[in-house]
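Shown below: final.pdb, with PDB, C-alpha atoms.
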ATOM      1  CA  MET A 695     -18.939 -17.696 -67.646
ATOM      2  CA  ASP A 696     -15.410 -16.353 -67.173
ATOM      3  CA  CYS A 697     -14.087 -16.814 -70.706
ATOM      4  CA  TYR A 698     -11.873 -15.052 -73.254
ATOM      5  CA  ASN A 699     -10.641 -15.621 -76.804
ATOM      6  CA  THR A 700      -6.975 -15.940 -77.611
ATOM      7  CA  VAL A 701      -4.501 -17.499 -80.027
ATOM      8  CA  HIS A 702      -3.693 -21.182 -79.719
ATOM      9  CA  THR A 703      -1.551 -21.568 -82.844
ATOM     10  CA  GLY A 704      -0.339 -18.483 -84.676
ATOM     11  CA  GLY A 705      -0.815 -18.025 -88.397
ATOM     12  CA  THR A 706       0.699 -16.106 -91.310
ATOM     13  CA  GLY A 707      -0.714 -14.292 -94.301
ATOM     14  CA  GLU A 708       0.556 -12.311 -97.258
ATOM     15  CA  ILE A 709      -0.931  -9.888 -99.744
ATOM     16  CA  VAL A 710       0.537  -7.828-102.597
ATOM     17  CA  GLU A 711      -0.745  -4.333-103.302
ATOM     18  CA  LYS A 712       0.750  -2.445-106.283
ATOM     19  CA  LYS A 713       3.937  -4.520-106.009
ATOM     20  CA  SER A 714       4.300  -3.779-102.266
ATOM     21  CA  ARG A 715       4.474  -7.018-100.301
ATOM     22  CA  PHE A 716       2.778  -7.241 -96.891
ATOM     23  CA  ILE A 717       3.682 -10.248 -94.727
ATOM     24  CA  ALA A 718       1.637 -10.669 -91.533
ATOM     25  CA  GLU A 719       2.362 -12.960 -88.589
ATOM     26  CA  VAL A 720       0.272 -13.699 -85.487
ATOM     27  CA  TYR A 721       1.691 -14.819 -82.139
ATOM     28  CA  HIS A 722       0.317 -15.716 -78.733
ATOM     29  CA  VAL A 723       2.072 -13.588 -76.102
ATOM     30  CA  CYS A 724       1.407 -12.860 -72.441
ATOM     31  CA  THR A 725       3.738  -9.894 -71.868
ATOM     32  CA  GLU A 726       5.115  -6.890 -73.701
ATOM     33  CA  GLU A 727       8.572  -8.437 -73.401
ATOM     34  CA  GLU A 728       7.391 -11.511 -75.301
ATOM     35  CA  ALA A 729       5.886  -9.309 -78.010
ATOM     36  CA  PHE A 730       9.089  -7.334 -78.461
ATOM     37  CA  ALA A 731      11.146 -10.526 -78.549
ATOM     38  CA  ARG A 732       8.927 -11.752 -81.396
ATOM     39  CA  LEU A 733       9.321  -8.405 -83.147
ATOM     40  CA  GLU A 734      13.110  -8.601 -83.000
ATOM     41  CA  LYS A 735      13.067 -12.053 -84.585
ATOM     42  CA  VAL A 736      10.814 -10.814 -87.378
ATOM     43  CA  LYS A 737      13.120  -7.854 -88.000
ATOM     44  CA  LYS A 738      16.132 -10.156 -88.265
ATOM     45  CA  ARG A 739      14.312 -12.526 -90.612
ATOM     46  CA  TYR A 740      13.131  -9.694 -92.884
ATOM     47  CA  TRP A 741      16.120  -7.463 -92.306
ATOM     48  CA  ASP A 742      15.846  -5.797 -95.718
ATOM     49  CA  ALA A 743      12.175  -4.785 -95.382
ATOM     50  CA  ARG A 744      11.224  -1.112 -95.063
ATOM     51  CA  HIS A 745       8.577  -1.352 -92.321
ATOM     52  CA  HIS A 746       7.612  -3.689 -89.469
ATOM     53  CA  CYS A 747       4.281  -2.388 -88.186
ATOM     54  CA  TRP A 748       2.537  -4.049 -85.276
ATOM     55  CA  ALA A 749      -0.085  -4.069 -82.540
ATOM     56  CA  TYR A 750      -0.779  -6.106 -79.447
ATOM     57  CA  VAL A 751      -3.566  -6.639 -76.927
ATOM     58  CA  LEU A 752      -2.699  -8.088 -73.527
ATOM     59  CA  GLY A 753      -4.611  -9.003 -70.388
ATOM     60  CA  ARG A 754      -8.213  -8.567 -69.361
ATOM     61  CA  ASN A 755     -10.300  -6.061 -67.412
ATOM     62  CA  PRO A 756      -8.667  -3.812 -68.439
ATOM     63  CA  VAL A 757      -6.677  -4.800 -71.496
ATOM     64  CA  SER A 758      -3.342  -3.247 -72.433
ATOM     65  CA  GLU A 759      -3.026  -2.128 -76.063
ATOM     66  CA  ARG A 760      -0.129  -0.749 -78.027
ATOM     67  CA  MET A 761       0.672  -0.229 -81.716
ATOM     68  CA  SER A 762       3.335   1.143 -84.062
ATOM     69  CA  ASP A 763       3.297   2.558 -87.603
ATOM     70  CA  ASP A 764       7.083   2.122 -87.847
ATOM     71  CA  GLY A 765       7.589   4.994 -90.248
ATOM     72  CA  GLU A 766       4.346   4.709 -92.192
ATOM     73  CA  PRO A 767       2.031   7.775 -92.113
ATOM     74  CA  ALA A 768       0.386   8.087 -88.706
ATOM     75  CA  GLY A 769      -2.675   5.900 -88.264
ATOM     76  CA  THR A 770      -2.245   3.913 -91.488
ATOM     77  CA  ALA A 771      -0.656   0.707 -90.130
ATOM     78  CA  GLY A 772      -0.642   0.063 -86.383
ATOM     79  CA  LYS A 773      -4.216   1.219 -85.846
ATOM     80  CA  PRO A 774      -5.705  -0.914 -88.671
ATOM     81  CA  ILE A 775      -3.866  -3.949 -87.303
ATOM     82  CA  LEU A 776      -5.198  -3.219 -83.813
ATOM     83  CA  GLU A 777      -8.739  -2.834 -85.141
ATOM     84  CA  VAL A 778      -8.546  -6.285 -86.737
ATOM     85  CA  ILE A 779      -7.498  -7.752 -83.370
ATOM     86  CA  ARG A 780     -10.331  -5.920 -81.619
ATOM     87  CA  GLY A 781     -12.790  -7.151 -84.203
ATOM     88  CA  LYS A 782     -11.922 -10.740 -83.306
ATOM     89  CA  GLU A 783     -12.224  -9.877 -79.574
ATOM     90  CA  LEU A 784      -8.801 -11.361 -78.901
ATOM     91  CA  THR A 785      -6.325 -10.805 -76.105
ATOM     92  CA  ASP A 786      -2.779 -11.988 -75.392
ATOM     93  CA  VAL A 787      -2.012 -11.598 -79.082
ATOM     94  CA  PHE A 788       0.697  -9.855 -81.108
ATOM     95  CA  VAL A 789       0.375  -9.166 -84.837
ATOM     96  CA  VAL A 790       3.238  -7.793 -86.929
ATOM     97  CA  VAL A 791       3.019  -6.856 -90.605
ATOM     98  CA  THR A 792       6.248  -6.488 -92.584
ATOM     99  CA  ARG A 793       6.197  -4.384 -95.753
ATOM    100  CA  TYR A 794       8.515  -4.586 -98.714
ATOM    101  CA  PHE A 795       8.009  -1.372-100.683
ATOM    102  CA  GLY A 796       7.101  -1.984-104.320
ATOM    103  CA  GLY A 797       7.947   1.438-105.675
ATOM    104  CA  THR A 798       4.413   2.850-105.851
ATOM    105  CA  LEU A 799       2.903   5.040-103.144
ATOM    106  CA  LEU A 800      -0.418   3.658-101.923
ATOM    107  CA  GLY A 801      -1.798   6.736-100.185
ATOM    108  CA  THR A 802      -3.313   6.698 -96.722
ATOM    109  CA  GLY A 803      -6.459   4.842 -97.792
ATOM    110  CA  GLY A 804      -4.453   2.235 -99.662
ATOM    111  CA  LEU A 805      -2.139   1.666 -96.706
ATOM    112  CA  VAL A 806      -5.017   1.267 -94.256
ATOM    113  CA  ARG A 807      -6.657  -1.222 -96.586
ATOM    114  CA  ALA A 808      -3.447  -3.184 -97.169
ATOM    115  CA  TYR A 809      -2.485  -3.471 -93.488
ATOM    116  CA  THR A 810      -6.047  -4.414 -92.582
ATOM    117  CA  MET A 811      -6.187  -7.115 -95.257
ATOM    118  CA  ALA A 812      -2.771  -8.531 -94.317
ATOM    119  CA  ALA A 813      -3.621  -8.790 -90.621
ATOM    120  CA  ALA A 814      -7.015 -10.337 -91.403
ATOM    121  CA  GLU A 815      -5.389 -12.851 -93.753
ATOM    122  CA  ALA A 816      -2.946 -13.988 -91.054
ATOM    123  CA  LEU A 817      -5.726 -14.285 -88.486
ATOM    124  CA  SER A 818      -7.757 -16.382 -90.917
ATOM    125  CA  HIS A 819      -4.939 -18.954 -90.719
ATOM    126  CA  THR A 820      -4.705 -18.730 -86.930
ATOM    127  CA  VAL A 821      -6.240 -21.229 -84.511
ATOM    128  CA  ILE A 822      -8.322 -19.255 -82.007
ATOM    129  CA  ILE A 823      -9.657 -20.805 -78.809
ATOM    130  CA  ALA A 824     -11.974 -19.745 -76.004
ATOM    131  CA  LYS A 825     -10.264 -20.195 -72.641
ATOM    132  CA  ILE A 826     -12.712 -20.953 -69.842
ATOM    133  CA  HIS A 827     -12.040 -20.679 -66.146
ATOM    134  CA  GLY A 828     -13.184 -23.617 -64.070
ATOM    135  CA  PHE A 829     -12.027 -26.332 -61.730
ATOM    136  CA  LYS A 830     -11.487 -30.044 -61.444
ATOM    137  CA  LEU A 831     -14.346 -31.923 -59.846
ATOM    138  CA  GLY A 832     -13.792 -35.372 -58.381
ATOM    139  CA  ILE A 833     -16.920 -37.537 -58.296
ATOM    140  CA  ILE A 834     -17.315 -40.948 -56.675
ATOM    141  CA  THR A 835     -20.415 -42.961 -57.449
ATOM    142  CA  ASP A 836     -21.657 -46.521 -57.420
ATOM    143  CA  TYR A 837     -22.591 -48.167 -60.713
ATOM    144  CA  THR A 838     -26.265 -47.425 -60.153
ATOM    145  CA  GLY A 839     -25.666 -43.682 -60.327
ATOM    146  CA  LEU A 840     -23.075 -43.772 -63.113
ATOM    147  CA  GLY A 841     -25.504 -43.515 -66.017
ATOM    148  CA  LYS A 842     -27.284 -40.510 -64.545
ATOM    149  CA  ILE A 843     -24.005 -38.680 -63.892
ATOM    150  CA  GLN A 844     -22.709 -39.406 -67.392
ATOM    151  CA  TYR A 845     -25.985 -38.096 -68.818
ATOM    152  CA  LEU A 846     -25.810 -34.865 -66.805
ATOM    153  CA  LEU A 847     -22.180 -34.256 -67.757
ATOM    154  CA  GLY A 848     -22.930 -34.966 -71.399
ATOM    155  CA  GLN A 849     -25.953 -32.668 -71.472
ATOM    156  CA  ARG A 850     -23.831 -29.774 -70.197
ATOM    157  CA  GLY A 851     -20.836 -30.553 -72.398
ATOM    158  CA  ILE A 852     -18.640 -31.113 -69.335
ATOM    159  CA  PHE A 853     -15.203 -32.507 -70.184
ATOM    160  CA  VAL A 854     -14.335 -35.787 -68.443
ATOM    161  CA  LEU A 855     -10.582 -36.087 -67.908
ATOM    162  CA  ASP A 856     -10.472 -39.570 -66.431
ATOM    163  CA  THR A 857     -12.723 -42.376 -65.233
ATOM    164  CA  VAL A 858     -11.491 -45.170 -62.954
ATOM    165  CA  TYR A 859     -13.598 -48.321 -62.532
ATOM    166  CA  THR A 860     -13.158 -50.477 -59.420
ATOM    167  CA  ASP A 861     -15.865 -51.532 -56.980
ATOM    168  CA  GLN A 862     -17.083 -47.974 -57.504
ATOM    169  CA  VAL A 863     -16.473 -45.341 -60.178
ATOM    170  CA  GLU A 864     -14.214 -42.297 -59.830
ATOM    171  CA  ILE A 865     -14.724 -39.520 -62.362
ATOM    172  CA  CYS A 866     -12.525 -36.463 -62.844
ATOM    173  CA  ALA A 867     -14.275 -33.663 -64.744
ATOM    174  CA  LEU A 868     -13.535 -30.056 -65.741
ATOM    175  CA  VAL A 869     -16.387 -27.767 -64.715
ATOM    176  CA  PRO A 870     -16.799 -24.070 -65.659
ATOM    177  CA  ASP A 871     -17.107 -21.876 -62.563
ATOM    178  CA  ASP A 872     -20.632 -20.722 -63.354
ATOM    179  CA  GLU A 873     -21.951 -24.294 -63.536
ATOM    180  CA  GLU A 874     -20.685 -25.373 -60.123
ATOM    181  CA  ASP A 875     -23.815 -24.952 -57.987
ATOM    182  CA  SER A 876     -26.370 -26.188 -60.499
ATOM    183  CA  LEU A 877     -24.319 -29.211 -61.602
ATOM    184  CA  ILE A 878     -23.576 -30.377 -58.070
ATOM    185  CA  LYS A 879     -27.253 -29.967 -57.178
ATOM    186  CA  GLU A 880     -28.352 -32.017 -60.186
ATOM    187  CA  ILE A 881     -25.849 -34.781 -59.459
ATOM    188  CA  MET A 882     -26.959 -35.008 -55.839
ATOM    189  CA  GLU A 883     -30.615 -35.124 -56.864
ATOM    190  CA  GLY A 884     -29.968 -37.618 -59.654
ATOM    191  CA  THR A 885     -28.118 -40.030 -57.370
ATOM    192  CA  ASN A 886     -30.335 -39.527 -54.315
ATOM    193  CA  GLY A 887     -27.434 -37.966 -52.477
ATOM    194  CA  LYS A 888     -25.183 -40.993 -52.881
ATOM    195  CA  ALA A 889     -22.493 -39.394 -55.039
ATOM    196  CA  VAL A 890     -19.466 -37.980 -53.236
ATOM    197  CA  MET A 891     -17.872 -34.876 -54.758
ATOM    198  CA  GLU A 892     -14.879 -32.734 -53.979
ATOM    199  CA  LYS A 893     -13.771 -29.566 -55.708
ATOM    200  CA  GLY A 894     -10.151 -29.467 -56.842
ATOM    201  CA  ASP A 895      -7.897 -26.691 -58.102
ATOM    202  CA  GLY A 896      -8.963 -23.927 -60.468
ATOM    203  CA  CYS A 897      -7.580 -23.568 -63.979
ATOM    204  CA  TRP A 898      -8.046 -22.187 -67.467
ATOM    205  CA  PHE A 899      -8.969 -24.757 -70.105
ATOM    206  CA  ALA A 900     -10.152 -24.867 -73.706
ATOM    207  CA  GLU A 901     -11.395 -27.261 -76.332
ATOM    208  CA  THR A 902      -8.867 -27.757 -79.142
ATOM    209  CA  ASP A 903      -8.671 -30.034 -82.171
ATOM    210  CA  ASP A 904      -6.862 -32.540 -79.950
ATOM    211  CA  GLY A 905      -9.492 -32.446 -77.207
ATOM    212  CA  VAL A 906      -9.507 -30.440 -74.000
ATOM    213  CA  GLU A 907      -6.275 -28.696 -72.981
ATOM    214  CA  ILE A 908      -5.434 -27.308 -69.542
ATOM    215  CA  PHE A 909      -3.271 -24.193 -69.464
ATOM    216  CA  GLU A 910      -2.157 -24.262 -65.840
ATOM    217  CA  ASP A 911      -0.560 -27.087 -63.893
ATOM    218  CA  LEU A 912      -2.997 -28.647 -61.465
ATOM    219  CA  LYS A 913      -2.891 -31.294 -58.834
ATOM    220  CA  ASN A 914      -4.617 -34.559 -59.532
ATOM    221  CA  CYS A 915      -8.327 -34.772 -58.883
ATOM    222  CA  VAL A 916      -9.153 -34.826 -55.198
ATOM    223  CA  PHE A 917     -11.532 -37.578 -54.183
ATOM    224  CA  ALA A 918     -13.166 -37.708 -50.784
ATOM    225  CA  ARG A 919     -12.792 -41.112 -49.184
TER
END
Go ahead and render the structure in this file as structure tokens.
Amino acid sequence: MDCYNTVHTGGTGEIVEKKSRFIAEVYHVCTEEEAFARLEKVKKRYWDARHHCWAYVLGRNPVSERMSDDGEPAGTAGKPILEVIRGKELTDVFVVVTRYFGGTLLGTGGLVRAYTMAAAEALSHTVIIAKIHGFKLGIITDYTGLGKIQYLLGQRGIFVLDTVYTDQVEICALVPDDEEDSLIKEIMEGTNGKAVMEKGDGCWFAETDDGVEIFEDLKNCVFAR
């Protein structure tokens, strides 16, 4: 299955270590420009903070990664943040941790621990989704074959976007790419070849708390007539 994990709704987190305050924020971004635009807004909001350390991961196969210690000792801020992102296997994500210095030096180990904890805390309040690549499948069936098709779709966890009932039934479903051949074969066998199917446009989609969400504009389901 062509699938990857990313941020749906960003989160925030805060920890205090020896009076130093670490404020972490997570954002979904698709480009470096978006990440830097987020960074500038954070810097303006916390204009009096000493450090704004960050990391991002963008794209897939290969990914693009970048990080910054923003004045902290090398390897004590940006890299720990990046490792937290990697640990969640996320992409298209930007995490920035703002530090207000509390007057006590934390040492390299203390800084690594604090930046790691802050980033992890923000990600714990972030909604993460698995985006799946697939396509819209239009299915036309008579009422005799409807039950079998609904069963097959349900067994595979296939999302049904719309069902129209007239003298026949038109179903619009979202199918992961790797299920195309086997699903179509099962539907044809289950309806004795009476179902009519047509593959529509490809897209990325994911299951969210509000149901299935499509992340690219698509044409309506295509039904063969």
Have a look at A:Thr885, A:Val720, A:Glu873, A:Arg850 and name the one nearest to Asp836 of chain A; count only C-alpha atoms.
-> A:Thr885
Step by step, work through what the PyMOL selection byres ((chain A and resi 748-759) around 9) selects in the shown file, and finish by giving those residues as JSON, numbers by chain.
-> {"A": [698, 723, 724, 725, 726, 729, 733, 746, 747, 760, 761, 762, 763, 764, 771, 772, 773, 774, 775, 776, 779, 780, 784, 785, 786, 787, 788, 789, 790, 791, 792]}
Resulting file, chosen residues, C-alpha atoms, as a PDB file, in the coordinates of the input:
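And here is the file that came out, part-v5.pdb:
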ATOM      1  CA  TYR A 698     -11.873 -15.052 -73.254  1.00  0.00           C
ATOM      2  CA  VAL A 723       2.072 -13.588 -76.102  1.00  0.00           C
ATOM      3  CA  CYS A 724       1.407 -12.860 -72.441  1.00  0.00           C
ATOM      4  CA  THR A 725       3.738  -9.894 -71.868  1.00  0.00           C
ATOM      5  CA  GLU A 726       5.115  -6.890 -73.701  1.00  0.00           C
ATOM      6  CA  ALA A 729       5.886  -9.309 -78.010  1.00  0.00           C
ATOM      7  CA  LEU A 733       9.321  -8.405 -83.147  1.00  0.00           C
ATOM      8  CA  HIS A 746       7.612  -3.689 -89.469  1.00  0.00           C
ATOM      9  CA  CYS A 747       4.281  -2.388 -88.186  1.00  0.00           C
ATOM     10  CA  ARG A 760      -0.129  -0.749 -78.027  1.00  0.00           C
ATOM     11  CA  MET A 761       0.672  -0.229 -81.716  1.00  0.00           C
ATOM     12  CA  SER A 762       3.335   1.143 -84.062  1.00  0.00           C
ATOM     13  CA  ASP A 763       3.297   2.558 -87.603  1.00  0.00           C
ATOM     14  CA  ASP A 764       7.083   2.122 -87.847  1.00  0.00           C
ATOM     15  CA  ALA A 771      -0.656   0.707 -90.130  1.00  0.00           C
ATOM     16  CA  GLY A 772      -0.642   0.063 -86.383  1.00  0.00           C
ATOM     17  CA  LYS A 773      -4.216   1.219 -85.846  1.00  0.00           C
ATOM     18  CA  PRO A 774      -5.705  -0.914 -88.671  1.00  0.00           C
ATOM     19  CA  ILE A 775      -3.866  -3.949 -87.303  1.00  0.00           C
ATOM     20  CA  LEU A 776      -5.198  -3.219 -83.813  1.00  0.00           C
ATOM     21  CA  ILE A 779      -7.498  -7.752 -83.370  1.00  0.00           C
ATOM     22  CA  ARG A 780     -10.331  -5.920 -81.619  1.00  0.00           C
ATOM     23  CA  LEU A 784      -8.801 -11.361 -78.901  1.00  0.00           C
ATOM     24  CA  THR A 785      -6.325 -10.805 -76.105  1.00  0.00           C
ATOM     25  CA  ASP A 786      -2.779 -11.988 -75.392  1.00  0.00           C
ATOM     26  CA  VAL A 787      -2.012 -11.598 -79.082  1.00  0.00           C
ATOM     27  CA  PHE A 788       0.697  -9.855 -81.108  1.00  0.00           C
ATOM     28  CA  VAL A 789       0.375  -9.166 -84.837  1.00  0.00           C
ATOM     29  CA  VAL A 790       3.238  -7.793 -86.929  1.00  0.00           C
ATOM     30  CA  VAL A 791       3.019  -6.856 -90.605  1.00  0.00           C
ATOM     31  CA  THR A 792       6.248  -6.488 -92.584  1.00  0.00           C
TER      32      THR A 792
END
On this file, the PyMOL selection byres ((chain A and resi 695) around 12) gives some set of residues; write that set as a PDB file with C-alpha atoms, in the coordinates of the input.
ATOM      1  CA  ASP A 696     -15.410 -16.353 -67.173  1.00  0.00           C
ATOM      2  CA  CYS A 697     -14.087 -16.814 -70.706  1.00  0.00           C
ATOM      3  CA  TYR A 698     -11.873 -15.052 -73.254  1.00  0.00           C
ATOM      4  CA  ALA A 824     -11.974 -19.745 -76.004  1.00  0.00           C
ATOM      5  CA  LYS A 825     -10.264 -20.195 -72.641  1.00  0.00           C
ATOM      6  CA  ILE A 826     -12.712 -20.953 -69.842  1.00  0.00           C
ATOM      7  CA  HIS A 827     -12.040 -20.679 -66.146  1.00  0.00           C
ATOM      8  CA  GLY A 828     -13.184 -23.617 -64.070  1.00  0.00           C
ATOM      9  CA  VAL A 869     -16.387 -27.767 -64.715  1.00  0.00           C
ATOM     10  CA  PRO A 870     -16.799 -24.070 -65.659  1.00  0.00           C
ATOM     11  CA  ASP A 871     -17.107 -21.876 -62.563  1.00  0.00           C
ATOM     12  CA  ASP A 872     -20.632 -20.722 -63.354  1.00  0.00           C
ATOM     13  CA  GLU A 873     -21.951 -24.294 -63.536  1.00  0.00           C
ATOM     14  CA  GLU A 874     -20.685 -25.373 -60.123  1.00  0.00           C
ATOM     15  CA  TRP A 898      -8.046 -22.187 -67.467  1.00  0.00           C
TER      16      TRP A 898
END
In the coordinates of the file, take the point (-23.5, -39.5, -55.4) and a cut-off of 8 Å; then, counting all atoms listed in the file, name each qualifying protein, DNA or RNA residue as a list in words.
->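 Within the cut-off we find Ile833, Ile834, Thr835, Asp836, Gly839, Ile881, Met882, Gly884, Thr885, Asn886, Gly887, Lys888, Ala889, Val890 and Met891 of chain A.
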Find the residue from A:Ala814, A:Leu840, A:Val736, A:Leu868 that sits nearest to Gly896 of chain A; use all atoms listed in the file when measuring.
->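 When distances to Gly896 of chain A are compared using all atoms listed in the file, the smallest one comes from A:Leu868.
The shortest atom-to-atom distance to Ala867 of chain A, with all atoms listed in the file taken into account, belongs to A:Lys830 out of A:Lys830, A:Lys712, A:Lys879, A:Lys737.
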Could you check how far atom CA of Gly705 of chain A sits from atom CA of Tyr809 of chain A, in Å to one decimal?
->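 Those two atoms sit 15.5 Å apart.
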Can you work out which one of A:Leu805, A:Ile843, A:Ile908, A:Ala718 has the shortest atom-to-atom distance to Ile878 of chain A, counting only C-alpha atoms?
-> A:Ile843
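With only C-alpha atoms as the atoms that count, the minimum distance from Pro767 of chain A to the choices A:Tyr845, A:Phe795, A:Gly803, A:Val701 is reached by A:Gly803.
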Quick one: of A:His702, A:Gly832, A:Thr810, A:Asp875, who's nearest to Glu892 of chain A, counting all atoms listed in the file?
->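 Looking only at the distances to Glu892 of chain A, the closest residue turns out to be A:Gly832.
Take the PyMOL selection byres ((chain A and resi 713) around 8) and apply it to this file: it picks A:Val710, A:Glu711, A:Lys712, A:Ser714, A:Arg715, A:Phe795, A:Gly796, A:Gly797, A:Thr798.
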Distance of atom CA of Gly781 of chain A from atom CA of Arg807 of chain A, expressed in Å to one decimal place |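 If I compute the distance from atom CA of Arg807 of chain A to atom CA of Gly781 of chain A, I get 15.0 Å.
The space separating atom CA of Glu883 of chain A from atom CA of Leu831 of chain A comes to 16.8 Å.
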Radius query 7 Å about (-4.9, -8.8, -98.0), atoms used: all atoms listed in the file, as a JSON list (two decimals) with C-alpha atoms, in the frame of the given file:
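The result, written out as result18.json:
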[["chain", "number", "residue", "atom", "x", "y", "z"],
["A", 708, "GLU", "CA", 0.56, -12.31, -97.26],
["A", 709, "ILE", "CA", -0.93, -9.89, -99.74],
["A", 808, "ALA", "CA", -3.45, -3.18, -97.17],
["A", 811, "MET", "CA", -6.19, -7.12, -95.26],
["A", 812, "ALA", "CA", -2.77, -8.53, -94.32],
["A", 815, "GLU", "CA", -5.39, -12.85, -93.75]]
